[in-house]
Each structure stands twice: as C-alpha cells, then as structure tokens.
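Novice: What follows is a structure written as structure tokens; I'll ask about it next.
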Amino acid sequence: MKLSHFEFELPEELLAIYPAEHRDESRLMVLNRKEQTIEHKTFKDVINYFDEGDVIMLNNTKVFPARMFGNKEKTGARIEVFLLRELNAENRLWDVLVDPARKIRIGNKLFFGEDDSLVAEVIDNTTSRGRTLRFLFSGSYEEFRAKLLELGQTPLPKAINREVEEIDKDRYQTTYATTEGSVAAPTAGLHFDEHVFKTIAAKGIDKKFITLHVGAGTFMPVKVDDFHDHLMHAEFIDVDLQTIEYLATTSDNMIAVGTTSLRTLESLYWLAIKIKQHPEIDSNEINLLQWDAYTLEGKDTSINEAMQFLKDWMTQKKINTLFATTQLMVKPGYQFKICKGLITNFHQPKSTLLLIIAAIAGDQWKTVYQHALANEYRFLSYGDGCLFWLNHR
C-alpha cells in the first residue's frame with residue numbers, strides 16, 4: 001500500500017488557527033464500527049460513550065517554549081532555532097533544527113535576545129536541517145534554563161500560520177501537563193478541562209497518566225511514496241512502576257487520549273516482549289525500533305502477562321520508572337494490544353498519524369474524513385476531536 005492511498009485535499013479554511021473558546025466545546029465525531037454509524041457531537045458529550053470502570057489514559061508531557069530566533073554573527077541573518085533535545089546539561093549541548101539551514105555551518109555563532117545575552121556555537125551538523133549547538137552561558141544551570149524560557153516561544157506547528165499570541169501559552173498546553181519535555185502538544189488532550197474531568201469522575205471513570213515527550217518528527221509529513229522507507233524519529237517515554245502494575249491486572253477497559261498515549265501503551269507491550277527475549281539488554285538503553293512490533297516473536301502474549309513480566313523485571317532491577325525510547329510505527333494491519341478506544345484530532349494527509357487511523361478503521365478512515373470535510377470539522381492541533389473504537393473490539 002502506497003502513501004498516495006492516504007492523500008486527500010484539505011482546504012485551508014478547515015485548518016484550525018485558533019482553539020475553540022472553551023476546550024470542551026470543540027466538536028466530536030464518534031465512529032461506531034459495529035453499527036457502521038457516524039455521530040456528530042460536542043466534545044463534552046464524550047462522557048456518554050464511557051462506561052463505569054473505564055479508564056482514560058492521558059499523556060502528561062509538558063510543552064516547553066522550543067522555538068527561538070537568533071541572528072548569525074557578522075551577517076546578522078535571522079535564524080529560527082527549534083530546540084529538540086538536551087544532550088548534555090553540564091556542557092549546554094542541544095540538538096536543534098535550524099531554518100534556513102543552508103546558512104548555518106559548523107563554527108558559526110548565533111546570538112539571541114535584544115542584548116545578545118545568549119550565544120550558541122554550532123559544533124556539529126547532524127542532518128540536512130539538524131545541528132548540535134553549544135550554548136555559551138557562564139551562569140548556573142538554573143539561570144541558563146530560565147534564559148531559554150525567557151527567549152523561547154510556544155512551538156506552534158507551522159500549519160498554524162500566524163504569530164504566537166498570549167493565548168497560546170495556556171491553550172497549547174493540556175490542563176494536566178506536569179513533565180516538561182515536548183516540542184509539540186499531545187493535542188487530543190487539549191479538549192479536556194475541569195468540567196470534563198468532574199463529569200468523568202462522577203460516572204466512576206478513572207484517569208491515569210503516562211509520559212511520551214512528543215518530538216518534531218511526529219508531525220513531519222512522509223515524503224516517500226512507500227511509507228516503509230520513512231524513518232520514525234525516536235521519542236522518549238517514561239512510565240512508573242505503579243502504572244505497569246496496573247496494566248498487569250487491568251481488563252480491556254482503557255481509552256487512550258491521543259496517538260501519543262496510544263503509541264506509548266503499545267510500545268510498553270513490545271518493550272516487555274523485547275526485554276524478555278533479550279535478557280542481557282542494558283536497562284539504561286532500552287529502545288523500541290520502528291519495526292520491532294512486526295518482527296518480534298511472542299505477539300500472542302496477553303497484555304497482562306507482558307506487563308507482569310515487565311513489572312517483575314523492573315522490581316528485580318530496582319527500577320521505579322522505566323525510561324525508554326520508541327520509534328514504533330503503527331500502520332494498516334497492526335493489531336492493537338491494549339486500548340479499546342482512541343480519542344484523537346483530525347490529521348493531515350500523508351502523515352504517520354493518519355496511518356494510525358487507517359490501522360484502526362481500515363478503509364473506513366476515508367468515510368470518516370469525507371464526513372469531516374463535508375461537515376466542516378476543524379483539523380490539526382487546535383481542531384476538533386474524534387472517538388474511535390479499536391479493531392480488536
């Protein structure tokens with residue numbers, strides 16, 4: 001199946017440039033695969049589709065102001081720097097993307113702030129747009145981080161084609177974000193507010209949290225027609241032992257809020273399988289590769305068995321929080337292991353996120369998106385939501 005199968009025309013007027021006035025007043029489309037029906041609701045109605053005893057799994061990652069603008073030495077050319085990942089805190093080393101990249105070479109210095117109070121030197125050229133910067137800052141680490149927060153901007157996706165505004169500091173962040181590390185928001189969670197959480201709790205529905213730090217690669221379009229040739233960027237996850245213990249005993253009652261939560265939960269299953277098959281694995285370097293889920297043996301292991309093994313392994317290793325990376329690519333044909341449902345937004349064509357939807361709904365994703373376009377649902381990060389039931393239900 002080629003990427004061209006996942007192409008559709010997305011009118012510019014359906015790109016959500018601003019969020020809904022209230023988080024829970026976005027629209028919600030519900031796909032009932034069993035009855036082959038599509039319903040059009042408001043997001044606050046999502047509670048009507050949950051049963052007592054269900055659990056919603058939320059990604060509590062917190063977006064940091066990752067977009068900075070500096071000037072190149074001598075020429076003064078304006079350069080956008082997008083912070084991706086801190087490599088070394090002591091030496092102030094960061095992986096970044098730069099734009100325009102053609103102007104930035106190893107040895108160049110960039111100056112940030114109206115008073116040039118922060119300087120960075122390019123020390124490595126990692127990819128066509130990627131660079132490694134060493135920030136030259138003599139203050140403490142706390143002062144350095146404060147300076148980054150001062151100079152950085154909310155990293156709105158490029159599709160939101162406007163300047164960052166004060167509203168974005170709040171609305172491009174979930175209300176439950178606690179663990180800083182993302183360069184993009186887990187956007188399905190943007191619909192949840194205090195009112196939704198209160199109604200969920202009143203119905204006997206629990207909520208739990210996991211962490212996947214969303215990387216810039218999540219929203220990058222696939223540029224090869226055979227999506228098997230697309231390279232998924234590694235993203236960092238951390239999940240505590242208590243959550244693993246819960247997953248070891250839970251039944252099929254979990255709804256993932258967002259594709260990041262879904263990919264984290266599915267990655268945990270395959271990480272357990274991988275560790276079991278490779279007991280010599282370094283507990284400090286645990287990673288799930290892009291196609292591991294399709295090549296590892298043991299896919300018939302139940303989720304409870306896999307999580308029990310992972311719990312026992314973590315206990316034996318005296319690990320209270322599992323830190324790992326995942327490059328898991330969910331594509332059509334993938335068999336989901338954990339969740340019964342997914343809440344997500346509407347995604348851009350030819351994206352890995354749309355491949356996840358196709359893995360859930362099969363070719364019915366086209367019907368869903370045709371309805372979304374015909375009924376003028378708003379797309380992407382500030383857009384409307386959709387509730388799917390997964391293919392093993």
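Just so we're on the same page: first chain in the structure tokens is A, next is B, and so on; residues restart at 1 for each chain, and ligands are numbered from 1 in the order they show up.
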Find the residues around Ile286 in chain A up to 12 Å (only C-alpha atoms counted), leave out those fewer than 4 positions away in its own chain, and share them as a list in words.
Specialist: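 Once the nearby chain positions are removed, what remains is Ala234, Glu235, Phe236, Ile237, Asp238, Ser267, Leu268, Trp270, Leu271, Ala272, Lys274, Ile275, His278, Pro279, Glu280, Ile281, Asp282, Leu322, Phe323, Ala324, Thr325, Thr326 and Gln327 of chain A.
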Novice: Write out as a Markdown table the residues of range 129-167 of chain A that have any atom within 10 Å of an atom of range 68-88 of chain A, one row each with the nearest atom pair and its distance in Å to one decimal, counting only C-alpha atoms, sorted by chain and then rising number.
Specialist:
| residue | atom | partner | partner_atom | distance |
| --- | --- | --- | --- | --- |
| A:Gly130 | CA | A:Leu84 | CA | 9.3 |
| A:Arg131 | CA | A:Val81 | CA | 9.4 |
| A:Thr132 | CA | A:Leu87 | CA | 8.8 |
| A:Leu133 | CA | A:Leu83 | CA | 9.5 |
| A:Arg134 | CA | A:Asn88 | CA | 9.3 |
| A:Leu148 | CA | A:Met68 | CA | 8.4 |
| A:Leu149 | CA | A:Met68 | CA | 9.7 |
| A:Glu150 | CA | A:Met68 | CA | 9.8 |
| A:Leu151 | CA | A:Met68 | CA | 6.4 |
| A:Gly152 | CA | A:Met68 | CA | 4.8 |
| A:Gln153 | CA | A:Met68 | CA | 6.2 |
| A:Thr154 | CA | A:Met68 | CA | 9.2 |
| A:Pro155 | CA | A:Phe82 | CA | 8.1 |
Novice: For all heavy atoms, I'd like the residues from the last selection saved as a CSV table (one decimal), in the first residue's frame.
Specialist:
chain,number,residue,atom,x,y,z
A,130,GLY,N,19.3,19.5,10.8
A,130,GLY,CA,19.7,19.4,12.2
A,130,GLY,C,21.1,19.9,12.5
A,130,GLY,O,22.0,19.7,11.7
A,131,ARG,N,21.3,20.4,13.7
A,131,ARG,CA,22.6,20.9,14.2
A,131,ARG,C,22.7,20.6,15.7
A,131,ARG,O,21.7,20.4,16.4
A,131,ARG,CB,22.8,22.4,14.0
A,131,ARG,CG,22.6,22.9,12.6
A,131,ARG,CD,23.8,22.5,11.7
A,131,ARG,NE,23.7,23.1,10.4
A,131,ARG,CZ,23.0,22.6,9.3
A,131,ARG,NH1,22.3,21.5,9.5
A,131,ARG,NH2,23.0,23.3,8.2
A,132,THR,N,23.9,20.5,16.2
A,132,THR,CA,24.2,20.5,17.6
A,132,THR,C,24.8,21.8,18.0
A,132,THR,O,25.7,22.3,17.4
A,132,THR,CB,25.1,19.3,18.0
A,132,THR,OG1,24.6,18.1,17.6
A,132,THR,CG2,25.4,19.3,19.5
A,133,LEU,N,24.1,22.4,19.0
A,133,LEU,CA,24.6,23.7,19.5
A,133,LEU,C,25.2,23.6,20.9
A,133,LEU,O,24.7,22.8,21.7
A,133,LEU,CB,23.4,24.7,19.6
A,133,LEU,CG,22.7,25.2,18.3
A,133,LEU,CD1,21.7,26.3,18.6
A,133,LEU,CD2,23.7,25.6,17.2
A,134,ARG,N,26.3,24.3,21.1
A,134,ARG,CA,26.8,24.5,22.5
A,134,ARG,C,26.5,26.0,22.9
A,134,ARG,O,26.9,26.9,22.3
A,134,ARG,CB,28.3,24.3,22.6
A,134,ARG,CG,28.9,24.6,24.0
A,134,ARG,CD,30.4,24.6,24.0
A,134,ARG,NE,30.9,23.2,23.8
A,134,ARG,CZ,31.7,22.9,22.8
A,134,ARG,NH1,32.0,23.8,21.9
A,134,ARG,NH2,32.2,21.6,22.8
A,148,LEU,N,16.5,30.3,28.6
A,148,LEU,CA,15.8,29.6,27.5
A,148,LEU,C,14.3,29.9,27.5
A,148,LEU,O,13.7,30.1,26.5
A,148,LEU,CB,16.1,28.1,27.5
A,148,LEU,CG,17.5,27.6,27.2
A,148,LEU,CD1,17.5,26.1,27.2
A,148,LEU,CD2,18.0,28.2,25.9
A,149,LEU,N,13.7,29.8,28.7
A,149,LEU,CA,12.3,30.0,28.9
A,149,LEU,C,11.9,31.5,28.5
A,149,LEU,O,10.9,31.8,27.9
A,149,LEU,CB,11.8,29.7,30.3
A,149,LEU,CG,11.9,28.3,30.7
A,149,LEU,CD1,11.5,28.1,32.2
A,149,LEU,CD2,11.0,27.4,29.9
A,150,GLU,N,12.8,32.4,28.9
A,150,GLU,CA,12.6,33.8,28.6
A,150,GLU,C,12.6,34.1,27.1
A,150,GLU,O,11.8,34.9,26.6
A,150,GLU,CB,13.7,34.6,29.3
A,150,GLU,CG,13.7,36.1,28.9
A,150,GLU,CD,14.9,36.8,29.4
A,150,GLU,OE1,15.5,36.4,30.4
A,150,GLU,OE2,15.2,37.9,28.8
A,151,LEU,N,13.5,33.5,26.4
A,151,LEU,CA,13.7,33.8,25.0
A,151,LEU,C,12.9,32.9,24.0
A,151,LEU,O,12.7,33.2,22.9
A,151,LEU,CB,15.2,33.6,24.6
A,151,LEU,CG,16.2,34.6,25.3
A,151,LEU,CD1,17.6,34.3,24.9
A,151,LEU,CD2,15.8,36.1,24.9
A,152,GLY,N,12.5,31.7,24.5
A,152,GLY,CA,11.7,30.8,23.7
A,152,GLY,C,10.3,31.2,23.5
A,152,GLY,O,9.7,32.0,24.3
A,153,GLN,N,9.7,30.7,22.4
A,153,GLN,CA,8.3,30.9,22.1
A,153,GLN,C,7.5,29.6,22.1
A,153,GLN,O,8.1,28.5,21.9
A,153,GLN,CB,8.1,31.5,20.7
A,153,GLN,CG,8.6,32.9,20.6
A,153,GLN,CD,8.3,33.5,19.3
A,153,GLN,OE1,7.7,32.9,18.4
A,153,GLN,NE2,8.8,34.7,19.0
A,154,THR,N,6.2,29.6,22.4
A,154,THR,CA,5.4,28.4,22.2
A,154,THR,C,5.6,27.9,20.8
A,154,THR,O,5.4,28.6,19.8
A,154,THR,CB,3.9,28.8,22.5
A,154,THR,OG1,3.8,29.3,23.8
A,154,THR,CG2,3.0,27.5,22.4
A,155,PRO,N,5.9,26.6,20.7
A,155,PRO,CA,6.2,26.0,19.4
A,155,PRO,C,5.0,25.6,18.6
A,155,PRO,O,4.7,24.4,18.4
A,155,PRO,CB,7.1,24.8,19.8
A,155,PRO,CG,6.6,24.4,21.1
A,155,PRO,CD,6.2,25.6,21.8
Novice: Restricting the calculation to only C-alpha atoms: of A:Phe346, A:Glu142, A:Asp54, A:Asn320, which residue gets closest to Asp206 in chain A?
Specialist: A:Asp54
Novice: So how many Å separate CA of Leu296 in chain A and CA of Asn284 in chain A, to one decimal?
Specialist: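 Straight-line distance from CA of Leu296 in chain A to CA of Asn284 in chain A works out to 20.7 Å.
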Novice: Can you work out the spacing between CA of Leu190 in chain A and CA of Pro157 in chain A in Å, to one decimal?
Specialist: 14.5 Å
Novice: Go through A:Val330, A:Val164, A:Ala20, A:Val119 and flag the residue nearest Leu355 in chain A, using only C-alpha atoms for the distances.
Specialist: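 When distances to Leu355 in chain A are compared using only C-alpha atoms, the smallest one comes from A:Val330.
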Novice: Write out as JSON, numbers by chain all residues of range 32-251 of chain A that DSSP puts in helix (DSSP H, G or I) for this structure's backbone.
Specialist: {"A": [43, 44, 45, 46, 47, 48, 49, 101, 102, 103, 141, 142, 143, 144, 145, 146, 147, 148, 149, 150, 151, 166, 167, 168, 169, 170, 171, 187, 188, 189, 190, 191, 194, 195, 196, 197, 198, 199, 200, 201, 202, 216, 217, 218, 219, 227, 228, 229, 241, 242, 243, 244, 245, 246, 247, 248, 249]}
Novice: How many Å separate CA of Glu7 in chain A from CA of His228 in chain A?
Specialist: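 According to the coordinates, CA of Glu7 in chain A and CA of His228 in chain A are separated by 16.2 Å.
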